[in-house]
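Structure below is final.txt: compact mmCIF, C-alpha atoms.
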# COMPACT_ATOMS: atom_id res chain seq x y z
CA MET H 1 118.23 79.88 111.96
CA ASP H 2 121.48 78.44 110.61
CA LEU H 3 124.91 79.38 111.90
CA GLU H 4 125.79 81.62 108.98
CA GLU H 5 122.59 83.61 109.43
CA GLU H 6 123.25 83.94 113.14
CA VAL H 7 126.80 85.19 112.50
CA ASN H 8 125.48 87.71 109.96
CA ARG H 9 122.84 88.91 112.40
CA LEU H 10 125.35 89.37 115.23
CA GLU H 11 127.81 91.07 112.87
CA LEU H 12 125.09 93.47 111.75
CA GLU H 13 124.21 94.23 115.36
CA TYR H 14 127.71 95.23 116.42
CA LYS H 15 128.46 97.01 113.17
CA LYS H 16 125.37 99.14 113.71
CA GLY H 17 126.76 100.15 117.07
CA PHE H 18 129.99 101.33 115.44
CA ALA H 19 128.31 103.29 112.65
CA LYS H 20 128.33 106.68 114.38
CA PRO H 21 131.96 106.59 115.56
CA LEU H 22 132.98 105.27 112.14
CA ILE H 23 131.33 108.16 110.30
CA LEU H 24 132.68 110.66 112.78
CA LEU H 25 136.22 109.30 112.31
CA MET H 26 135.88 109.47 108.54
CA LEU H 27 134.66 113.04 108.68
CA ALA H 28 137.44 114.00 111.07
CA GLU H 29 139.89 112.92 108.42
CA LYS H 30 138.20 114.94 105.70
CA GLU H 31 134.92 116.84 105.43
CA ASN H 32 132.69 114.99 103.03
CA TYR H 33 129.21 114.38 101.63
CA SER H 34 126.98 111.30 101.82
CA TYR H 35 128.01 109.47 98.63
CA ALA H 36 131.74 110.06 99.06
CA LEU H 37 131.45 109.04 102.70
CA ALA H 38 129.81 105.72 101.81
CA LYS H 39 132.54 105.01 99.25
CA LYS H 40 135.29 106.00 101.66
CA ILE H 41 133.97 103.62 104.33
CA ILE H 42 134.11 100.72 101.86
CA GLU H 43 137.57 101.77 100.67
CA LYS H 44 139.04 102.25 104.15
CA THR H 45 137.66 99.00 105.51
CA SER H 46 138.56 97.05 102.34
CA GLY H 47 134.90 96.32 101.80
CA LYS H 48 134.46 94.68 105.21
CA ILE H 49 132.09 97.42 106.31
CA SER H 50 129.63 99.13 104.04
CA ILE H 51 126.77 101.43 104.88
CA ALA H 52 124.08 101.88 102.25
CA ILE H 53 123.80 105.54 101.27
CA PRO H 54 120.21 105.95 102.52
CA ASN H 55 121.27 104.62 105.93
CA ILE H 56 123.91 107.34 106.23
CA TYR H 57 121.41 110.22 106.20
CA PRO H 58 119.76 109.51 109.61
CA ILE H 59 123.20 109.00 111.18
CA LEU H 60 124.43 112.32 109.80
CA LYS H 61 121.27 114.00 111.02
CA SER H 62 121.66 112.52 114.48
CA LEU H 63 125.33 113.62 114.69
CA LYS H 64 124.37 117.08 113.46
CA LYS H 65 121.53 117.35 115.96
CA SER H 66 123.94 116.48 118.78
CA GLY H 67 126.31 119.17 117.54
CA TYR H 68 129.18 116.83 116.62
CA ILE H 69 129.14 117.74 112.95
CA GLN H 70 127.89 120.68 110.95
CA GLU H 71 126.73 121.22 107.41
CA LYS H 72 128.83 123.13 104.96
CA LYS H 73 128.08 124.22 101.43
CA SER H 74 130.83 123.52 98.97
CA LYS H 75 132.04 126.18 96.51
CA GLU H 76 132.80 123.53 93.87
CA HIS H 77 129.61 121.50 94.28
CA SER H 78 127.00 124.12 95.13
CA SER H 79 124.11 121.66 95.47
CA ARG H 80 126.06 119.23 97.64
CA VAL H 81 125.83 119.29 101.42
CA PHE H 82 129.21 118.60 103.01
CA TYR H 83 129.68 117.71 106.67
CA LYS H 84 132.54 118.65 108.92
CA VAL H 85 133.36 117.73 112.50
CA THR H 86 132.83 120.51 115.07
CA GLU H 87 135.00 121.29 118.11
CA LEU H 88 132.54 119.33 120.21
CA GLY H 89 132.84 116.46 117.75
CA TYR H 90 136.63 116.42 118.10
CA THR H 91 136.32 116.45 121.90
CA LEU H 92 133.93 113.52 121.67
CA LEU H 93 136.31 111.68 119.35
CA ASP H 94 139.21 112.17 121.77
CA GLU H 95 137.20 110.53 124.54
CA LEU H 96 135.67 107.95 122.28
CA THR H 97 138.87 106.76 120.59
CA GLU H 98 140.41 106.11 123.99
CA SER H 99 137.40 104.12 125.12
CA LEU H 100 137.24 102.29 121.77
CA GLN H 101 140.88 101.32 122.00
CA GLN H 102 140.33 99.91 125.48
CA PHE H 103 137.27 98.06 124.26
CA LEU H 104 139.11 96.59 121.28
CA LYS H 105 142.02 95.59 123.51
CA ILE H 106 139.66 93.76 125.88
CA PHE H 107 138.07 91.93 122.97
CA SER H 108 141.42 91.16 121.39
CA ASP H 109 142.65 89.68 124.71
CA LEU H 110 139.45 87.68 125.11
CA ILE H 111 139.79 86.28 121.60
CA ASP H 112 143.44 85.38 122.30
CA ASP H 113 142.39 83.62 125.54
CA TYR H 114 139.70 81.76 123.66
CA ASN H 115 142.16 80.64 120.96
CA ILE H 116 144.70 79.46 123.58
CA ALA H 117 142.00 77.56 125.48
CA LYS H 118 140.79 76.01 122.24
CA THR H 119 144.29 74.90 121.23
CA GLU H 120 144.90 73.36 124.68
CA LYS H 121 141.57 71.58 124.57
CA ASN H 122 142.41 70.09 121.19
CA LYS H 123 145.78 68.77 122.32
CA MET G 1 110.42 121.76 84.48
CA LYS G 2 112.15 122.45 87.80
CA LYS G 3 115.83 121.62 88.28
CA ASP G 4 115.22 118.69 90.66
CA GLU G 5 112.56 117.23 88.38
CA GLN G 6 114.91 117.60 85.42
CA GLN G 7 117.61 115.72 87.36
CA ILE G 8 115.21 112.82 87.98
CA SER G 9 113.99 112.70 84.38
CA ASP G 10 117.61 112.42 83.20
CA LEU G 11 118.05 109.18 85.17
CA PRO G 12 117.46 105.69 83.67
CA GLU G 13 113.86 104.52 83.59
CA ASN G 14 114.25 101.85 86.28
CA ILE G 15 115.74 104.44 88.64
CA GLN G 16 112.91 106.88 87.87
CA LYS G 17 110.36 104.18 88.77
CA TYR G 18 112.30 103.44 91.93
CA ILE G 19 112.32 107.12 92.91
CA SER G 20 108.59 107.42 92.28
CA LEU G 21 108.04 104.50 94.67
CA ILE G 22 110.17 106.28 97.27
CA LYS G 23 108.15 109.47 96.73
CA LYS G 24 104.94 107.59 97.52
CA ASN G 25 106.38 106.83 100.94
CA ILE G 26 107.34 110.41 101.75
CA PRO G 27 104.65 112.58 103.31
CA GLY G 28 103.87 116.06 102.10
CA TYR G 29 103.35 117.77 98.78
CA LYS G 30 105.59 117.65 95.70
CA ASP G 31 108.09 120.32 96.77
CA ILE G 32 108.64 118.67 100.15
CA LYS G 33 109.22 115.29 98.52
CA ASN G 34 111.71 116.81 96.05
CA GLN G 35 113.51 118.60 98.86
CA VAL G 36 113.79 115.37 100.87
CA LEU G 37 115.12 113.56 97.80
CA GLU G 38 117.58 116.27 96.71
CA GLN G 39 120.80 114.80 98.12
CA PHE G 40 119.75 111.22 97.43
CA VAL G 41 119.16 111.97 93.75
CA LEU G 42 122.66 113.49 93.57
CA ASP G 43 124.02 110.36 95.25
CA ILE G 44 122.22 108.15 92.72
CA GLN G 45 123.58 110.25 89.85
CA GLU G 46 127.11 109.92 91.18
CA THR G 47 126.69 106.17 91.72
CA ILE G 48 125.61 105.80 88.08
CA GLU G 49 128.42 108.01 86.79
CA THR G 50 131.11 106.11 88.66
CA THR G 51 130.20 102.64 87.42
CA ASP G 52 129.92 100.94 84.05
CA ARG G 53 127.47 98.30 85.17
CA GLU G 54 123.71 98.74 85.22
CA ILE G 55 122.53 99.65 88.70
CA ASP G 56 119.82 97.70 90.44
CA PRO G 57 118.53 100.29 92.90
CA TYR G 58 116.97 97.67 95.16
CA THR G 59 120.28 95.93 95.87
CA GLU G 60 122.31 99.14 95.79
CA PHE G 61 120.12 101.31 98.02
CA GLY G 62 117.43 99.07 99.51
CA GLU G 63 113.65 98.77 99.44
CA PRO G 64 111.90 102.06 98.52
CA LYS G 65 109.88 102.02 101.73
CA GLU G 66 113.00 101.68 103.90
CA VAL G 67 114.87 104.29 101.88
CA ALA G 68 111.96 106.71 102.25
CA ALA G 69 111.87 106.05 106.00
CA ASN G 70 115.59 106.83 106.27
CA LEU G 71 115.24 109.97 104.19
CA CYS G 72 112.31 111.16 106.32
CA GLN G 73 114.15 110.38 109.54
CA ALA G 74 117.03 112.52 108.28
CA GLN G 75 114.72 115.56 108.26
CA ASN G 76 114.01 117.60 111.36
CA TRP G 77 110.34 116.80 111.30
CA ILE G 78 110.05 115.04 114.65
CA ASP G 79 111.52 118.14 116.30
CA ASN G 80 108.64 120.22 114.94
CA THR G 81 105.79 118.59 116.83
CA VAL G 82 102.96 121.10 116.96
CA LYS G 83 101.37 122.40 120.11
CA LEU G 84 97.79 122.00 121.19
CA LYS G 85 96.62 125.47 120.16
CA ILE G 86 97.90 125.04 116.60
CA ARG G 87 96.26 121.65 116.35
CA SER G 88 93.03 123.09 117.72
CA LEU G 89 93.13 125.80 115.06
CA ALA G 90 93.57 123.19 112.33
CA PHE G 91 90.68 121.24 113.85
CA LEU G 92 88.55 124.39 113.77
CA PHE G 93 89.32 124.90 110.05
CA ASP G 94 88.36 121.29 109.40
CA ILE G 95 85.14 121.63 111.34
CA ILE G 96 84.22 124.75 109.34
CA ILE G 97 84.87 122.93 106.05
CA ILE G 98 82.96 119.85 107.23
CA GLY G 99 80.14 122.06 108.56
CA ILE G 100 79.69 123.83 105.23
CA ILE G 101 79.66 120.61 103.17
CA PHE G 102 77.56 118.72 105.76
CA THR G 103 74.98 121.52 105.81
CA CYS G 104 74.86 121.66 102.02
CA ILE G 105 74.20 117.92 101.79
CA ILE G 106 71.46 118.09 104.43
CA ILE G 107 69.82 121.10 102.72
CA LEU G 108 69.94 119.21 99.41
CA GLY G 109 68.36 116.17 101.11
CA ASN G 110 65.61 118.35 102.54
CA MET G 111 64.98 119.98 99.20
CA LEU G 112 64.65 116.59 97.52
CA ILE G 113 62.34 115.14 100.19
CA ASN G 114 60.13 118.24 100.15
CA TYR G 115 60.43 118.58 96.38
CA GLU G 116 56.87 119.94 96.08
CA ILE G 117 58.00 123.29 97.45
CA TYR G 118 60.79 123.70 94.92
CA LEU G 119 59.82 121.65 91.89
CA GLU G 120 56.92 121.18 89.56
CA PRO G 121 54.80 118.03 90.18
CA LEU G 122 56.72 114.97 89.02
CA THR G 123 55.78 111.53 87.69
CA ASP G 124 55.32 108.76 90.31
CA ASN G 125 58.66 107.15 89.43
CA MET G 126 60.46 110.47 89.68
CA ILE G 127 58.84 111.14 93.06
CA ILE G 128 60.20 107.84 94.42
CA PHE G 129 63.63 108.51 92.91
CA VAL G 130 63.84 112.06 94.25
CA LYS G 131 62.73 111.00 97.74
CA ILE G 132 65.23 108.13 97.84
CA MET G 133 67.95 110.54 96.79
CA GLY G 134 66.81 112.89 99.54
CA TYR G 135 67.05 110.21 102.23
CA LEU G 136 70.39 109.08 100.78
CA CYS G 137 71.68 112.57 101.50
CA TYR G 138 70.90 112.00 105.17
CA ILE G 139 73.13 108.89 105.06
CA LEU G 140 75.70 110.62 102.90
CA ALA G 141 76.22 113.50 105.32
CA PRO G 142 77.53 111.46 108.31
CA THR G 143 79.39 109.14 105.92
CA PHE G 144 81.10 112.19 104.49
CA TYR G 145 82.04 113.30 108.01
CA LEU G 146 83.80 109.98 108.68
CA LEU G 147 85.40 109.68 105.27
CA TYR G 148 86.69 113.23 105.51
CA TRP G 149 88.99 112.25 108.36
CA PHE G 150 89.79 108.68 107.42
CA ILE G 151 90.26 108.98 103.67
CA LEU G 152 91.88 112.40 103.38
CA GLU G 153 94.59 111.66 105.92
CA MET G 154 95.22 108.25 104.36
CA ILE G 155 95.63 109.80 100.92
CA SER G 156 97.50 112.98 101.71
CA ASP G 157 98.87 112.53 105.28
CA THR G 158 96.95 115.63 106.26
CA SER G 159 93.45 117.10 106.33
CA PRO G 160 92.50 120.37 104.57
CA GLY G 161 92.50 122.17 107.94
CA LYS G 162 95.97 120.88 108.78
CA ARG G 163 97.18 121.56 105.26
CA ILE G 164 96.38 125.27 105.64
CA LEU G 165 98.87 125.34 108.53
CA ASN G 166 101.38 122.95 106.86
CA LEU G 167 100.70 120.24 109.42
CA TYR G 168 101.19 116.59 108.59
CA VAL G 169 100.65 113.33 110.42
CA ILE G 170 103.74 111.12 110.47
CA ASP G 171 105.01 108.07 112.33
CA VAL G 172 106.77 108.75 115.66
CA THR G 173 110.04 107.65 114.03
CA GLY G 174 109.73 110.41 111.44
CA ALA G 175 108.70 108.12 108.57
CA LYS G 176 105.43 108.24 106.69
CA ALA G 177 102.55 106.82 108.73
CA GLN G 178 100.75 103.72 107.49
CA LYS G 179 97.05 103.46 106.59
CA LYS G 180 96.39 101.41 109.74
CA GLN G 181 97.86 104.21 111.86
CA PHE G 182 95.59 106.81 110.25
CA PHE G 183 92.63 104.55 110.87
CA ILE G 184 93.47 104.14 114.57
CA ARG G 185 94.14 107.84 115.21
CA ASN G 186 90.92 108.89 113.51
CA LEU G 187 88.79 106.55 115.61
CA THR G 188 88.71 109.55 117.92
CA LYS G 189 86.15 111.12 115.58
CA VAL G 190 83.81 108.21 116.27
CA LEU G 191 84.72 107.12 119.80
CA PHE G 192 85.17 110.66 121.09
CA PRO G 193 84.39 110.01 124.82
CA VAL G 194 87.86 108.41 125.07
CA LEU G 195 89.27 111.90 124.52
CA ILE G 196 88.69 112.51 128.23
CA PHE G 197 91.96 110.60 128.77
CA ASP G 198 93.75 113.29 126.76
CA ILE G 199 93.00 115.84 129.42
CA ILE G 200 94.71 113.91 132.20
CA PRO G 201 98.28 113.79 130.85
CA PHE G 202 97.85 117.32 129.56
CA LEU G 203 96.88 118.58 133.00
CA LEU G 204 99.64 116.62 134.65
CA GLU G 205 102.13 118.09 132.18
CA LYS G 206 103.49 114.63 131.62
CA ASN G 207 102.75 114.93 128.00
CA PRO G 208 104.32 118.22 126.89
CA LYS G 209 104.10 117.39 123.21
CA TYR G 210 100.43 116.72 123.70
CA LEU G 211 100.30 113.26 122.24
CA ARG G 212 96.63 112.45 122.08
CA VAL G 213 95.48 109.05 123.32
CA TYR G 214 94.79 107.92 119.78
CA ASP G 215 98.12 109.30 118.58
CA GLN G 216 99.80 107.26 121.26
CA ALA G 217 97.86 104.17 120.21
CA ALA G 218 98.64 104.77 116.54
CA LYS G 219 102.26 105.85 117.25
CA THR G 220 101.81 109.02 115.22
CA ILE G 221 102.69 112.67 115.72
CA VAL G 222 101.50 115.85 114.06
CA VAL G 223 104.36 117.97 112.78
CA LYS G 224 104.85 121.19 110.88
CA ILE G 225 106.60 120.60 107.58
CA LYS G 226 107.71 123.76 105.81
Go ahead and express the file in the form of C-alpha cells.
Amino acid sequence: MDLEEEVNRLELEYKKGFAKPLILLMLAEKENYSYALAKKIIEKTSGKISIAIPNIYPILKSLKKSGYIQEKKSKEHSSRVFYKVTELGYTLLDELTESLQQFLKIFSDLIDDYNIAKTEKNK
Amino acid sequence: MKKDEQQISDLPENIQKYISLIKKNIPGYKDIKNQVLEQFVLDIQETIETTDREIDPYTEFGEPKEVAANLCQAQNWIDNTVKLKIRSLAFLFDIIIIGIIFTCIIILGNMLINYEIYLEPLTDNMIIFVKIMGYLCYILAPTFYLLYWFILEMISDTSPGKRILNLYVIDVTGAKAQKKQFFIRNLTKVLFPVLIFDIIPFLLEKNPKYLRVYDQAAKTIVVKIK
C-alpha cells in the first residue's frame, strides 16, 4: 500500500467516526432532507467532507432510532421526509460539542508539538 | 402506472438500469422495493435537476449492491425479528404445501409404475417409458423437497409459508442475504439432527431472538416486512 492510499484510508476511518455528529450539527442548524443534507455538508466543509447520499440513510435511521432526530413531513414537499433534531438530540449535542472541542484542542496541540519538534530536528 | 414507477420511468435510461440493479439487491416484493427506494429516487431526481452534466450513478452514488445495502439498513427491518411461534407457523404452512405436492408426485409415480390398473395395455416401449417416469417421480419428490427450500429462498428471499406471514430472510446487517447464506441456513433441512443445538440457547434464554444454529452460521435473520 502506498503512502497516499494509507492517508486516504486513515482519513476515511476518522471521517466515518465524525459522520453522526456532523449530520446532527447540520440538522441542528436547519431541519433538512437527505439530498439537501448531503449538499450542505459539501458546501459547509468546502468540499473537504462529502457523504454519498445512500450512506446518509443508515446514519439518519440510527440517529432516529436513538431518539436524537425525528421525521417530519414537509407542507411544501409532501413526498419528502425531513429530519429535525429532538430535545434529546440537542442535549447530546451540548455534551458532544464540548467533548469534540476538547478533542480537537488536544489534536491541534499535538500537531503543533509535532511541527515544533520537526522544525528543531531540521535545524 | 403507479406514481413511484412513473417517477422512475421519467429518469434517464442509464439511471433506470442502475435502479433496477439496486432493486435486485433489495428483498421483498415490488411494493416493498419501491417503498425502500422512494426517497432515493427523489434524491436522484434532484441531483439530475441541479446539474447540467450527465450523471454517472456509479461514481455519484456508488455500486448498486452497496447502495441497496444502505437503503435496506435504513429500514427498521432488523428490529422486526420474528419470534419462534411465528416462524413455526410459517414452517407449518410450508410443510403443508410441500406435503401436498410431495404426495401428488408420489401418487403419480405409483400410478405410472402400476399403470395396468389405470391404463389400457401399452406397447413394450411405452411400458418402459411409463415405468421409468414412475421411478423418476420417486427421485423427483425428495429433490423437490430440497429445491423448495434452497431455490425458493434464493430467488425470492422467502418461502411460500413465510410469504403468507410477510416474513423474509435477510442478512444480520439488514441487507439482502446472499445465495451462499441461503444455502447454509437451509442445510438444516438436510442435516436436521444439528437442530438439537437450537434448543440449548433457547432454553437458556441466551438467544431471545431465537437465532437458529444455521441462521447464526449463515449470519441471517428472519424478519417481518410489511
Dig up all the protein and nucleic acid residues within 12 Å of (88.1, 110.5, 106.1) in the file frame, using only C-alpha atoms, and format them as a PDB file with C-alpha atoms, keeping the file's coordinate frame.
ATOM      1  CA  ASP G  94      88.360 121.290 109.400  1.00  0.00           C
ATOM      2  CA  ILE G  98      82.960 119.850 107.230  1.00  0.00           C
ATOM      3  CA  PRO G 142      77.530 111.460 108.310  1.00  0.00           C
ATOM      4  CA  THR G 143      79.390 109.140 105.920  1.00  0.00           C
ATOM      5  CA  PHE G 144      81.100 112.190 104.490  1.00  0.00           C
ATOM      6  CA  TYR G 145      82.040 113.300 108.010  1.00  0.00           C
ATOM      7  CA  LEU G 146      83.800 109.980 108.680  1.00  0.00           C
ATOM      8  CA  LEU G 147      85.400 109.680 105.270  1.00  0.00           C
ATOM      9  CA  TYR G 148      86.690 113.230 105.510  1.00  0.00           C
ATOM     10  CA  TRP G 149      88.990 112.250 108.360  1.00  0.00           C
ATOM     11  CA  PHE G 150      89.790 108.680 107.420  1.00  0.00           C
ATOM     12  CA  ILE G 151      90.260 108.980 103.670  1.00  0.00           C
ATOM     13  CA  LEU G 152      91.880 112.400 103.380  1.00  0.00           C
ATOM     14  CA  GLU G 153      94.590 111.660 105.920  1.00  0.00           C
ATOM     15  CA  MET G 154      95.220 108.250 104.360  1.00  0.00           C
ATOM     16  CA  ILE G 155      95.630 109.800 100.920  1.00  0.00           C
ATOM     17  CA  SER G 156      97.500 112.980 101.710  1.00  0.00           C
ATOM     18  CA  ASP G 157      98.870 112.530 105.280  1.00  0.00           C
ATOM     19  CA  THR G 158      96.950 115.630 106.260  1.00  0.00           C
ATOM     20  CA  SER G 159      93.450 117.100 106.330  1.00  0.00           C
ATOM     21  CA  PRO G 160      92.500 120.370 104.570  1.00  0.00           C
ATOM     22  CA  LYS G 179      97.050 103.460 106.590  1.00  0.00           C
ATOM     23  CA  PHE G 182      95.590 106.810 110.250  1.00  0.00           C
ATOM     24  CA  PHE G 183      92.630 104.550 110.870  1.00  0.00           C
ATOM     25  CA  ILE G 184      93.470 104.140 114.570  1.00  0.00           C
ATOM     26  CA  ARG G 185      94.140 107.840 115.210  1.00  0.00           C
ATOM     27  CA  ASN G 186      90.920 108.890 113.510  1.00  0.00           C
ATOM     28  CA  LEU G 187      88.790 106.550 115.610  1.00  0.00           C
ATOM     29  CA  THR G 188      88.710 109.550 117.920  1.00  0.00           C
ATOM     30  CA  LYS G 189      86.150 111.120 115.580  1.00  0.00           C
ATOM     31  CA  VAL G 190      83.810 108.210 116.270  1.00  0.00           C
TER      32      VAL G 190
END
Counting all atoms listed in the file, which residues of chain G sit at most 12 Å from some atom of chain H, and what is each one's closest atom pair with its distance in Å to one decimal, listed by chain and rising residue number, as a tab-separated table?
residue	atom	partner	partner_atom	distance
G:Lys3	CA	H:Ser79	CA	11.0
G:Asp4	CA	H:Ser79	CA	10.5
G:Gln7	CA	H:Ser79	CA	12.0
G:Ile22	CA	H:Pro54	CA	11.3
G:Gln35	CA	H:Ser79	CA	11.5
G:Val36	CA	H:Tyr57	CA	10.6
G:Leu37	CA	H:Pro54	CA	10.3
G:Glu38	CA	H:Ser79	CA	8.6
G:Gln39	CA	H:Arg80	CA	6.9
G:Phe40	CA	H:Pro54	CA	7.3
G:Val41	CA	H:Tyr35	CA	10.4
G:Leu42	CA	H:Arg80	CA	7.8
G:Asp43	CA	H:Tyr35	CA	5.3
G:Ile44	CA	H:Tyr35	CA	8.4
G:Gln45	CA	H:Tyr35	CA	9.9
G:Glu46	CA	H:Tyr35	CA	7.5
G:Thr47	CA	H:Tyr35	CA	7.8
G:Ile48	CA	H:Tyr35	CA	11.4
G:Glu49	CA	H:Tyr35	CA	11.9
G:Thr50	CA	H:Lys39	CA	10.7
G:Pro57	CA	H:Ala52	CA	11.0
G:Tyr58	CA	H:Ala52	CA	10.9
G:Thr59	CA	H:Ala52	CA	9.5
G:Glu60	CA	H:Ala52	CA	7.2
G:Phe61	CA	H:Ala52	CA	5.8
G:Gly62	CA	H:Ala52	CA	7.7
G:Glu63	CA	H:Pro54	CA	10.2
G:Pro64	CA	H:Pro54	CA	10.0
G:Lys65	CA	H:Pro54	CA	11.1
G:Glu66	CA	H:Pro54	CA	8.5
G:Val67	CA	H:Pro54	CA	5.6
G:Ala68	CA	H:Pro54	CA	8.3
G:Ala69	CA	H:Pro54	CA	9.0
G:Asn70	CA	H:Pro58	CA	6.0
G:Leu71	CA	H:Tyr57	CA	6.5
G:Cys72	CA	H:Pro58	CA	8.3
G:Gln73	CA	H:Pro58	CA	5.7
G:Ala74	CA	H:Pro58	CA	4.3
G:Gln75	CA	H:Lys61	CA	7.3
G:Asn76	CA	H:Lys61	CA	8.1
G:Trp77	CA	H:Lys61	CA	11.3
G:Ile78	CA	H:Lys65	CA	11.8
G:Asp79	CA	H:Lys65	CA	10.0
G:Thr173	CA	H:Pro58	CA	10.8
G:Gly174	CA	H:Pro58	CA	10.2
G:Ala175	CA	H:Pro58	CA	11.2
(request) Using all atoms listed in the file, determine which residues lie at most 12 Å from range 86-88 of chain G, disregarding the query and same-chain residues fewer than 5 positions distant; provide the list as a PyMOL selection string. (result) chain G and resi 80-81+93-95+158-159+161-169+209-212+221-224
Which neighbours of Glu29 in chain H fall inside 12 Å, counting all atoms listed in the file, when residues of the same chain fewer than 4 positions from it are skipped, and could you give them as a PDB file with C-alpha atoms, keeping the file's coordinate frame?
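Below is the file selection-v4.pdb, written as the result:
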ATOM      1  CA  LEU H  22     132.980 105.270 112.140  1.00  0.00           C
ATOM      2  CA  ILE H  23     131.330 108.160 110.300  1.00  0.00           C
ATOM      3  CA  LEU H  24     132.680 110.660 112.780  1.00  0.00           C
ATOM      4  CA  LEU H  25     136.220 109.300 112.310  1.00  0.00           C
ATOM      5  CA  LEU H  37     131.450 109.040 102.700  1.00  0.00           C
ATOM      6  CA  LYS H  40     135.290 106.000 101.660  1.00  0.00           C
ATOM      7  CA  ILE H  41     133.970 103.620 104.330  1.00  0.00           C
ATOM      8  CA  LYS H  44     139.040 102.250 104.150  1.00  0.00           C
ATOM      9  CA  TYR H  83     129.680 117.710 106.670  1.00  0.00           C
ATOM     10  CA  LYS H  84     132.540 118.650 108.920  1.00  0.00           C
ATOM     11  CA  VAL H  85     133.360 117.730 112.500  1.00  0.00           C
ATOM     12  CA  TYR H  90     136.630 116.420 118.100  1.00  0.00           C
ATOM     13  CA  LEU H  93     136.310 111.680 119.350  1.00  0.00           C
TER      14      LEU H  93
END
(request) In Å, rounded to a single decimal, give me how far CA of Tyr14 in chain H is from CA of Phe107 in chain H. (result)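 Going from CA of Phe107 in chain H over to CA of Tyr14 in chain H covers 12.7 Å.
Coordinates place CA of Gly134 in chain G at a distance of 4.7 Å from CA of Leu112 in chain G.
Across the structure, CA of Lys24 in chain G and CA of Phe91 in chain G are spaced 25.6 Å apart.
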